[in-house]
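Input: a single structure, listed below in structure tokens.
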Amino acid sequence: MNINLINPSFSPDVPPPEDQIKAEMMRHGFPPVSVIRDGKMHRFPTSDKKGDDAGWYIFFDDQIPAGMFGDWRRGSEFSFCCTIGRELSADELAAHTRAMAEAKKARDDERAALAEDATRRAADIYAAASPATIDHPYLARKKVHAFEGVKSSNGKLCTPIRDYKGALSSLQFIDPDGNKKFLYGGEVKNRFFLIGAPGTKIFLCEGYATGATIHAATGCAVLVCFSASNLPNVARLVRTRFGSVEIVIAADNDENGIGKKYADEAAGHVGATVVMPPEVGQDVNDFANGGGDVSALLCPKKKEWLVAADDFASQPVPIKWLIKNWIPENSTIMMHGPSGSGKTFLILDMAAHIAGGKEKWCGAKVKAAPVVYLCGEGHAGLRARLAAWKQYNGDAPLSMWIAQSALDLDTDEGRQTAL
């Protein structure tokens, strides 16, 4: 069926909204879902476990279908607007903004109701649980202590998840085989479990066994964040609450690199140090039980920040250029000037020379490299300028990519979209 017969706003060259939404959700690791675009909250399973409905979505059947989706368990959420083969008009952008505001409110209301119910259930379960002991199979296998606050409930290790004020919001359960599960609906984002008393150094990590291992080796306070994606959130809380305290993030060395990715992100936000076991597949507890030197791993010798000028000058390093004498590699530069002075033309010309592998730009030698051009508006003008550049300089392919919309790379959602 020709989609233009249903919605004349769509170009026949773009996939139907249902296919676009399904593809976007699958791109973020969600299973294929038949989406109902009625502006209401819908849940769906994200695993094959019975009763799992942690996935959610809200999509509107507007002229430009758009909405949000996510996973309560992972604490992830994404927004998406269907492509229609052209730029949106002012009215369409306004309608999209209203739809997204409605979707966010519905998401927030649903999330708040789930969290409130989970808080009540967590308090009842935790009050009825017994203090955990070292003979719990999981603790015995991991060779870690049951520190204050950890309990046992129906044979499972029960770890409280609290906010920065100490209020209980959820629980994590670990069975004797090490399988982990959170209390459904409980809030985990910006929450943690604290081992020890905060001092001049605080460690952050993902799991309880890792946190217990770190505290036993260092005596320092450890905040167990329960997931890699929560490390940046808790790191910001620690920096705000404890000011100049030294923060060390102990990352899991996951095969997919997720542990290091979020640890580096957290470190970038708060100026923390990242440490990680050397072998892929290890966390700090694995490293310790494998005979590794935990103290050396957790407290490495710091690289000197200051260096003597004589030593600094004794090892000159040649500058590497993208455009000789204009744009060095591995650098940040800024071009500024009054409106209409030709800034965009100049930057686009430089970028296209680099992306197109041209030998020289205005007589300066050029090194070929991929280019990403972030453009939040004015795509029509940019399209014409780039087409004219290609026509004038030869219609050879460019190793260059253009952003289709504005994107805030200082946010988690922005970085996830860019990736």
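Quick note on naming: the chains in the structure tokens go A, B, ... in the order shown, residues restart at 1 in each chain, and ligands are numbered from 1 in order of appearance.
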
Residues near Gly199 of chain A, cut-off 10 Å, only C-alpha atoms, skip fewer than 4 positions along chain, as a compact mmCIF listing (two decimals) with N, CA and C atoms, in the first residue's frame:
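Output file selection.txt follows:
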# COMPACT_ATOMS: atom_id res chain seq x y z
N GLY A 219 39.67 -0.43 53.09
CA GLY A 219 39.05 0.21 54.23
C GLY A 219 38.27 1.45 53.86
N CYS A 220 38.28 1.81 52.59
CA CYS A 220 37.58 3.02 52.13
C CYS A 220 36.10 2.75 51.90
N ALA A 221 35.33 3.82 51.91
CA ALA A 221 33.91 3.71 51.60
C ALA A 221 33.72 3.32 50.14
N PHE A 242 30.22 15.57 48.53
CA PHE A 242 31.48 15.50 49.27
C PHE A 242 32.58 16.39 48.69
N VAL A 245 36.55 15.36 47.58
CA VAL A 245 36.97 14.00 47.91
C VAL A 245 37.53 13.29 46.68
N GLU A 246 38.51 12.41 46.88
CA GLU A 246 39.06 11.63 45.75
C GLU A 246 38.08 10.52 45.39

Need to verify the contact set: Asp53 of chain A, 7 Å, only C-alpha atoms, exclusion of same-chain residues closer than 6 positions in sequence. Can you return it as a VMD selection string?
chain A and resid 43 to 46

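Minimum distance to Leu297 of chain A across A:Gln315, A:Thr218, A:Ser76, A:Asn330 (counting only C-alpha atoms) occurs at A:Thr218.
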
Atom CA of Pro328 of chain A and atom CA of Phe312 of chain A, how far apart in Å?
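That distance, rounded to one decimal, is 20.0 Å.
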
For Val372 of chain A, list every protein, DNA or RNA residue within 9 Å, evaluated using only C-alpha atoms, and leave out those in the same chain fewer than 6 positions away; present the list as a compact mmCIF listing (two decimals) with N, CA and C atoms, in the first residue's frame.
# COMPACT_ATOMS: atom_id res chain seq x y z
N ALA A 351 36.50 21.25 5.96
CA ALA A 351 36.01 19.90 6.28
C ALA A 351 35.92 19.03 5.04
N SER A 399 34.27 11.25 2.72
CA SER A 399 34.19 10.48 3.97
C SER A 399 33.66 11.43 5.04
N MET A 400 32.36 11.76 4.92
CA MET A 400 31.77 12.82 5.73
C MET A 400 30.32 12.48 6.04
N TRP A 401 29.89 12.79 7.27
CA TRP A 401 28.53 12.51 7.71
C TRP A 401 27.92 13.78 8.30
N ILE A 402 26.64 14.03 7.99
CA ILE A 402 25.95 15.25 8.41
C ILE A 402 24.87 14.88 9.44
N ALA A 403 24.85 15.57 10.58
CA ALA A 403 23.79 15.35 11.57
C ALA A 403 22.47 15.88 11.03

Residue with smallest distance to Gly357 of chain A - pool A:Leu398, A:Ala384, A:Leu223, A:Ile195, counting only C-alpha atoms
A:Leu398

Point-to-point distance in Å for atom CA of Val280 of chain A and atom CA of Gly196 of chain A
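Between these atoms lies a distance of 28.5 Å.
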
Please provide as a ChimeraX atom specification all residues within 10 Å of Val222 of chain A, with the sequence filter that same-chain residues fewer than 6 positions apart are discarded (counting only C-alpha atoms).
/A:192-198,201-205,208,210-215,247-250
